[in-house]
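Heads up, the thing below is written out as structure tokens.
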Amino acid sequence: MPELACINGNFCPIDEATVSINDRGFQFADSVYEVIVAYDGKPFLMNEHLERLSRSLSLCDMPMDLDELKIEQLIADGLSRSAFSATVIYIQITRGVQERNHLYRDGLTPTVLLTFREKPAADPDRYRDGVGLMSTEDQRWAMCEIKATGLLPNVLAKNRAVRAGFQDAVLVTSDGLVRECTASNIFVIHAGALITPVADESILHGITRDYVLRCAALANVPTDERSMTVEELCGSDEAFISSTMVDILPVTRIDQQNVGDGTVGPVTRALMAAYRQGMPHAAQPA
Ligand code: PDD
């Protein structure tokens with residue numbers, strides 16, 4: 001079962017895939033991306049991911065018709081060729097190839113890259129015990145709702161957090177407002193209610209975040225989308241992060257403080273169960 005790439009419609013083994021050094025994605029991170037997981041060949045929440053991809057493209061002045069690019073067909077083709085039971089589908093669309101110039105030419109042909117890799121198995125200990133987050137200042141740009149490939153601040157924050165013994169960094173404004181983590185959204189539970197920062201331009205509008213909010217409605221957990229301070233985060237009863245790659249991952253420590261009693265709480269557990277119920281069978285891990 002090979003890990004595959006598909007560049008502008010041509011499939012090849014992943015190690016053989018190349019793009020030009022003049023690709024604007026390489027030169028300027030002039031590109032956007034999506035990550036979708038498929039279970040038994042069925043992409044989970046694909047329409048939602050493709051809608052967000054369209055939105056990211058439009059917000060970067062690269063409006064494009066994903067049907068014309070045959071993205072859904074390429075996904076189906078890649079899934080049947082790679083045939084993993086759980087597949088991470090990465091899609092990246094760059095503005096195209098041009099000699100390095102900040103000013104882009106009109107009419108460039110976008111580079112469309114997809115990769116199909118086996119999803120690594122989840123670590124059950126992390127789901128049982130929860131993980132720790134290090135708070136750090138959010139140093140990203142002002143358009144974080146775009147799923148853009150320019151992720152250097154995220155990369156630096158994540159690596160510093162892991163080197164300091166945490167699973168990830170939680171990004172906080174200079175005023176102490178919590179935004180999200182380096183590759184996931186964040187939720188807390190306080191007095192039985194599920195609270196998460198508002199989906200404005202300062203965070204990625206996570207597909208999993210939306211799905212978690214829908215699960216909460218089904219599980220009769222009240223929700224509140226509003227700003228939250230880092231003190232509130234640290235003093236909450238429970239916390240978790242959400243993303244396509246981790247689904248719902250409990251957080252039991254922020255900096256040097258336990259969240260609640262330092263164990264995975266009942267509302268998080270109920271939401272994890274509700275979440276799994278809506279997923280394809282193979283997606284029921286830890
Ligand atoms: N990251 N916030 C950020 C900054 C992210 O990069 C991601 C996802 C999320 C969660 O979004 P979703 O629920 O749609 O996966 C939130 C992906 C998985 C990545 O960069 O690999």
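Labels for the structure tokens follow display order: chains A, B, ..., residues from 1 in each chain, ligands from 1.
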With the cut-off set at 7 Å and counting only C-alpha atoms and all ligand atoms, tabulate each residue of chain A with an atom at most that distance from an atom of ligand 1, showing the nearest atom pair and its distance in Å to one decimal, ordered by chain and increasing number, as a Markdown table.
| residue | atom | partner | partner_atom_place_in_ligand_line | distance |
| --- | --- | --- | --- | --- |
| A:Val35 | CA | ligand 1 | 18 (C) | 5.5 |
| A:His49 | CA | ligand 1 | 14 (O) | 6.9 |
| A:Glu180 | CA | ligand 1 | 2 (N) | 6.1 |
| A:Cys181 | CA | ligand 1 | 4 (C) | 6.2 |
| A:Thr182 | CA | ligand 1 | 4 (C) | 4.9 |
| A:Ala183 | CA | ligand 1 | 5 (C) | 3.4 |
| A:Ser184 | CA | ligand 1 | 16 (C) | 3.5 |
| A:Asn185 | CA | ligand 1 | 16 (C) | 4.5 |
| A:Ile203 | CA | ligand 1 | 2 (N) | 6.4 |
| A:Leu204 | CA | ligand 1 | 2 (N) | 4.7 |
| A:His205 | CA | ligand 1 | 11 (O) | 6.6 |
| A:Gly206 | CA | ligand 1 | 11 (O) | 3.5 |
| A:Ile207 | CA | ligand 1 | 14 (O) | 3.7 |
| A:Thr208 | CA | ligand 1 | 13 (O) | 3.6 |
| A:Arg209 | CA | ligand 1 | 13 (O) | 5.5 |
| A:Ser242 | CA | ligand 1 | 13 (O) | 5.9 |
| A:Ser243 | CA | ligand 1 | 13 (O) | 3.5 |
| A:Thr244 | CA | ligand 1 | 15 (O) | 3.7 |
| A:Met245 | CA | ligand 1 | 18 (C) | 5.3 |
Point to revise | Long-range neighbours of segment 134-136 of chain A as an NGL selection string, 12 Å cut-off, only C-alpha atoms, 6 positions minimum in chain | key: :A and (153-154 or 156-182 or 229-231 or 233-234 or 251-258)
Practice item. Using atom CA of Gly78 of chain A and atom CA of Asn47 of chain A as the two end points, give the distance in Å to one decimal. Key: 17.0 Å
Exercise for review: May I ask for the distance between atom CA of Val32 of chain A and atom CA of Ser56 of chain A, given in Å to one decimal place?
Suggested key: 6.6 Å
Fewer than 4 positions away in the same chain doesn't count, so skip those; otherwise give me all residues within 10 Å of Arg128 of chain A, counting only C-alpha atoms, as a JSON list (two decimals) with N, CA, C and O atoms, in the first residue's frame.
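The resulting file, out_13.json, is shown below:
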[["chain", "number", "residue", "atom", "x", "y", "z"],
["A", 123, "ASP", "N", -2.17, 7.60, 20.19],
["A", 123, "ASP", "CA", -1.55, 7.11, 21.43],
["A", 123, "ASP", "C", -2.64, 7.07, 22.51],
["A", 123, "ASP", "O", -3.09, 8.11, 22.98],
["A", 124, "PRO", "N", -3.07, 5.88, 22.91],
["A", 124, "PRO", "CA", -4.20, 5.79, 23.85],
["A", 124, "PRO", "C", -3.93, 6.47, 25.18],
["A", 124, "PRO", "O", -4.86, 6.99, 25.82],
["A", 249, "LEU", "N", -9.05, 15.73, 22.00],
["A", 249, "LEU", "CA", -7.93, 15.27, 22.85],
["A", 249, "LEU", "C", -7.99, 16.05, 24.17],
["A", 249, "LEU", "O", -7.86, 17.29, 24.17],
["A", 250, "PRO", "N", -8.17, 15.34, 25.29],
["A", 250, "PRO", "CA", -8.30, 16.04, 26.58],
["A", 250, "PRO", "C", -7.00, 16.75, 26.98],
["A", 250, "PRO", "O", -5.91, 16.27, 26.71],
["A", 263, "THR", "N", -7.48, 15.21, 35.84],
["A", 263, "THR", "CA", -7.85, 13.99, 35.09],
["A", 263, "THR", "C", -8.88, 14.38, 34.02],
["A", 263, "THR", "O", -9.43, 15.49, 34.04],
["A", 264, "VAL", "N", -9.15, 13.44, 33.12],
["A", 264, "VAL", "CA", -10.12, 13.72, 32.04],
["A", 264, "VAL", "C", -11.53, 13.72, 32.65],
["A", 264, "VAL", "O", -11.93, 12.74, 33.30],
["A", 269, "ARG", "N", -15.51, 13.33, 28.40],
["A", 269, "ARG", "CA", -15.75, 11.92, 28.05],
["A", 269, "ARG", "C", -17.07, 11.76, 27.27],
["A", 269, "ARG", "O", -17.14, 11.02, 26.29],
["A", 286, "ALA", "N", -8.86, 4.83, 20.59],
["A", 286, "ALA", "CA", -8.58, 4.85, 22.00],
["A", 286, "ALA", "C", -9.80, 4.75, 22.91],
["A", 286, "ALA", "O", -10.72, 5.48, 22.85]]
Practice item. Pick out the closest residue to Ala29 of chain A from this set: A:Gly130, A:Leu151, A:Cys144, A:Ser82. Count only C-alpha atoms. Key: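 Using only C-alpha atoms, Ala29 of chain A sits closest to A:Leu151.
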Practice item. Report the distance between atom CA of Met228 of chain A and atom CA of Phe240 of chain A in Å, rounded to one decimal place. Key: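 Between these atoms lies a distance of 14.1 Å.
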Practice item. Excluding segment 57-63 of chain A and any residue of its chain fewer than 2 positions from it, enumerate the residues within 8 Å of it, using only C-alpha atoms, and give them as number ranges by chain. Key: A: 32, 53-55, 65, 95, 146
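Within the 9 Å cut-off around Glu34 of chain A, using only C-alpha atoms and omitting residues fewer than 2 positions from it on the same chain, the listed residues are Val32, Ile36, His49, Leu50, Arg52, Leu53, Ile89, Tyr90, Ile91, Gln92, Lys147 and Ala148 of chain A.
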With C-alpha atoms retained, write the just-selected residues as an mmCIF file, in the first residue's frame.
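Once written, selection24.cif looks like this:
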data_model
loop_
_atom_site.group_PDB
_atom_site.id
_atom_site.type_symbol
_atom_site.label_atom_id
_atom_site.label_comp_id
_atom_site.auth_asym_id
_atom_site.auth_seq_id
_atom_site.Cartn_x
_atom_site.Cartn_y
_atom_site.Cartn_z
ATOM 1 C CA VAL A 32 -3.414 27.264 1.047
ATOM 2 C CA ILE A 36 -8.938 15.537 5.628
ATOM 3 C CA HIS A 49 -13.275 20.804 4.282
ATOM 4 C CA LEU A 50 -13.706 21.579 0.573
ATOM 5 C CA ARG A 52 -13.258 25.918 3.656
ATOM 6 C CA LEU A 53 -10.632 25.327 0.950
ATOM 7 C CA ILE A 89 -5.355 13.404 2.693
ATOM 8 C CA TYR A 90 -3.317 16.599 2.359
ATOM 9 C CA ILE A 91 -4.331 19.093 -0.321
ATOM 10 C CA GLN A 92 -2.204 22.106 -1.168
ATOM 11 C CA LYS A 147 -5.746 27.891 6.083
ATOM 12 C CA ALA A 148 -2.489 29.172 4.629
#
Check the DSSP output for the backbone and give back, as a CSV table (one decimal) with N, CA and C atoms, in the first residue's frame, the residues of segment 186-256 of chain A in alpha helix (DSSP H).
chain,number,residue,atom,x,y,z
A,207,ILE,N,-13.1,22.6,11.3
A,207,ILE,CA,-14.2,21.7,10.9
A,207,ILE,C,-14.5,20.8,12.1
A,208,THR,N,-13.5,20.4,12.8
A,208,THR,CA,-13.8,19.6,14.0
A,208,THR,C,-14.5,20.4,15.1
A,209,ARG,N,-14.0,21.6,15.2
A,209,ARG,CA,-14.7,22.6,16.2
A,209,ARG,C,-16.2,22.6,15.9
A,210,ASP,N,-16.6,22.8,14.7
A,210,ASP,CA,-18.0,22.9,14.4
A,210,ASP,C,-18.7,21.6,14.7
A,211,TYR,N,-18.0,20.5,14.4
A,211,TYR,CA,-18.6,19.2,14.6
A,211,TYR,C,-18.8,18.9,16.1
A,212,VAL,N,-17.8,19.4,16.9
A,212,VAL,CA,-17.9,19.2,18.3
A,212,VAL,C,-19.1,20.0,18.9
A,213,LEU,N,-19.3,21.2,18.3
A,213,LEU,CA,-20.4,22.0,18.8
A,213,LEU,C,-21.7,21.3,18.5
A,214,ARG,N,-21.8,20.7,17.3
A,214,ARG,CA,-23.0,19.9,17.0
A,214,ARG,C,-23.2,18.7,17.9
A,215,CYS,N,-22.1,18.0,18.2
A,215,CYS,CA,-22.1,16.9,19.2
A,215,CYS,C,-22.6,17.4,20.5
A,216,ALA,N,-22.2,18.6,20.9
A,216,ALA,CA,-22.6,19.1,22.3
A,216,ALA,C,-24.1,19.3,22.3
A,217,ALA,N,-24.6,19.8,21.2
A,217,ALA,CA,-26.1,20.1,21.1
A,217,ALA,C,-26.8,18.7,21.3
A,218,LEU,N,-26.3,17.7,20.6
A,218,LEU,CA,-26.9,16.4,20.7
A,218,LEU,C,-26.8,15.8,22.1
A,230,VAL,N,-6.7,33.6,29.6
A,230,VAL,CA,-5.8,32.5,30.0
A,230,VAL,C,-6.1,32.0,31.4
A,231,GLU,N,-6.4,33.0,32.3
A,231,GLU,CA,-6.7,32.6,33.7
A,231,GLU,C,-8.0,31.7,33.7
A,232,GLU,N,-9.0,32.1,32.9
A,232,GLU,CA,-10.2,31.3,32.8
A,232,GLU,C,-9.9,29.8,32.3
A,233,LEU,N,-9.0,29.8,31.3
A,233,LEU,CA,-8.6,28.5,30.8
A,233,LEU,C,-7.9,27.7,31.9
A,234,CYS,N,-7.0,28.3,32.6
A,234,CYS,CA,-6.3,27.5,33.7
A,234,CYS,C,-7.2,27.1,34.8
**Study point:** Test item: residues at most 7 Å from segment 12-20 of chain A, only C-alpha atoms, excluding those fewer than 6 positions along its chain, as an MDAnalysis selection string
**Key:** chainID A and resid 2:6
Those same residues, written as a PDB file, in the first residue's frame with C-alpha atoms?
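Final file, part31.pdb:
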ATOM      1  CA  PRO A   2       2.053   2.925  -1.213  1.00  0.00           C
ATOM      2  CA  GLU A   3       1.960   6.477   0.085  1.00  0.00           C
ATOM      3  CA  LEU A   4       1.036   8.533  -2.945  1.00  0.00           C
ATOM      4  CA  ALA A   5       1.243  12.037  -4.292  1.00  0.00           C
ATOM      5  CA  CYS A   6      -0.765  13.576  -7.066  1.00  0.00           C
TER       6      CYS A   6
END
Check your understanding: Could you pull out all residues of segment 73-197 of chain A with a DSSP call of strand (DSSP E or B) and give them as a ChimeraX atom specification?
Key -> /A:86-94,97,111-118,131-137,148,168-172,177-181,185-190,193-196
Resulting file, chosen residues, C-alpha atoms, as a short mmCIF file (atom, residue, chain, number, x, y, z; two decimals), in the first residue's frame:
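The resulting file, out_12.cif, is shown below:
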data_model
loop_
_atom_site.label_atom_id
_atom_site.label_comp_id
_atom_site.auth_asym_id
_atom_site.auth_seq_id
_atom_site.Cartn_x
_atom_site.Cartn_y
_atom_site.Cartn_z
CA ALA A 86 -7.18 5.36 7.76
CA THR A 87 -5.70 7.90 5.34
CA VAL A 88 -4.53 11.47 5.85
CA ILE A 89 -5.36 13.40 2.69
CA TYR A 90 -3.32 16.60 2.36
CA ILE A 91 -4.33 19.09 -0.32
CA GLN A 92 -2.20 22.11 -1.17
CA ILE A 93 -2.98 24.65 -3.88
CA THR A 94 -0.34 27.25 -4.73
CA VAL A 97 5.05 28.91 -10.94
CA THR A 111 -0.12 23.89 -8.63
CA VAL A 112 -2.49 21.33 -7.14
CA LEU A 113 -0.86 18.79 -4.85
CA LEU A 114 -2.57 15.96 -2.97
CA THR A 115 -0.86 13.37 -0.81
CA PHE A 116 -2.30 10.19 0.65
CA ARG A 117 -0.53 8.82 3.74
CA GLU A 118 -1.44 6.28 6.34
CA VAL A 131 -1.98 16.28 27.61
CA GLY A 132 -0.24 19.46 28.77
CA LEU A 133 -0.21 22.81 26.96
CA MET A 134 2.27 25.67 27.32
CA SER A 135 0.78 29.15 26.97
CA THR A 136 2.70 31.43 24.66
CA GLU A 137 2.08 34.71 22.83
CA ALA A 148 -2.49 29.17 4.63
CA ASP A 168 1.58 21.73 22.30
CA ALA A 169 1.40 25.50 22.76
CA VAL A 170 -1.81 27.41 23.36
CA LEU A 171 -1.61 30.78 21.61
CA VAL A 172 -2.63 33.78 23.70
CA LEU A 177 -7.05 36.22 25.42
CA VAL A 178 -6.90 32.58 24.38
CA ARG A 179 -7.05 31.92 20.65
CA GLU A 180 -6.23 28.32 19.69
CA CYS A 181 -3.32 25.88 19.62
CA ASN A 185 -8.93 24.63 18.39
CA ILE A 186 -9.47 24.80 22.13
CA PHE A 187 -12.49 24.28 24.37
CA VAL A 188 -13.06 24.50 28.12
CA ILE A 189 -15.88 23.27 30.29
CA HIS A 190 -16.93 25.57 33.06
CA ALA A 193 -21.05 24.63 29.76
CA LEU A 194 -18.74 24.18 26.80
CA ILE A 195 -16.89 27.39 25.93
CA THR A 196 -14.70 28.08 22.91
#
Check your understanding: Between A:Asp40, A:Glu238, A:Glu225, A:Asp23, which is the closest to Ala83 of chain A once you count only C-alpha atoms?
Key ->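 Checking each of A:Asp40, A:Glu238, A:Glu225, A:Asp23 against Ala83 of chain A, counting only C-alpha atoms, the winner is A:Asp40.
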**Study point:** Spatial neighbours of Ala76 of chain A, 9 Å, only C-alpha atoms, chain gap at least 6 places, as number ranges by chain
**Key:** A: 41-43
Review point. Which one of A:Glu72, A:Asp138, A:Asp30, A:Asp129 sits closest to Gly262 of chain A if you count only C-alpha atoms?
Key: A:Asp129
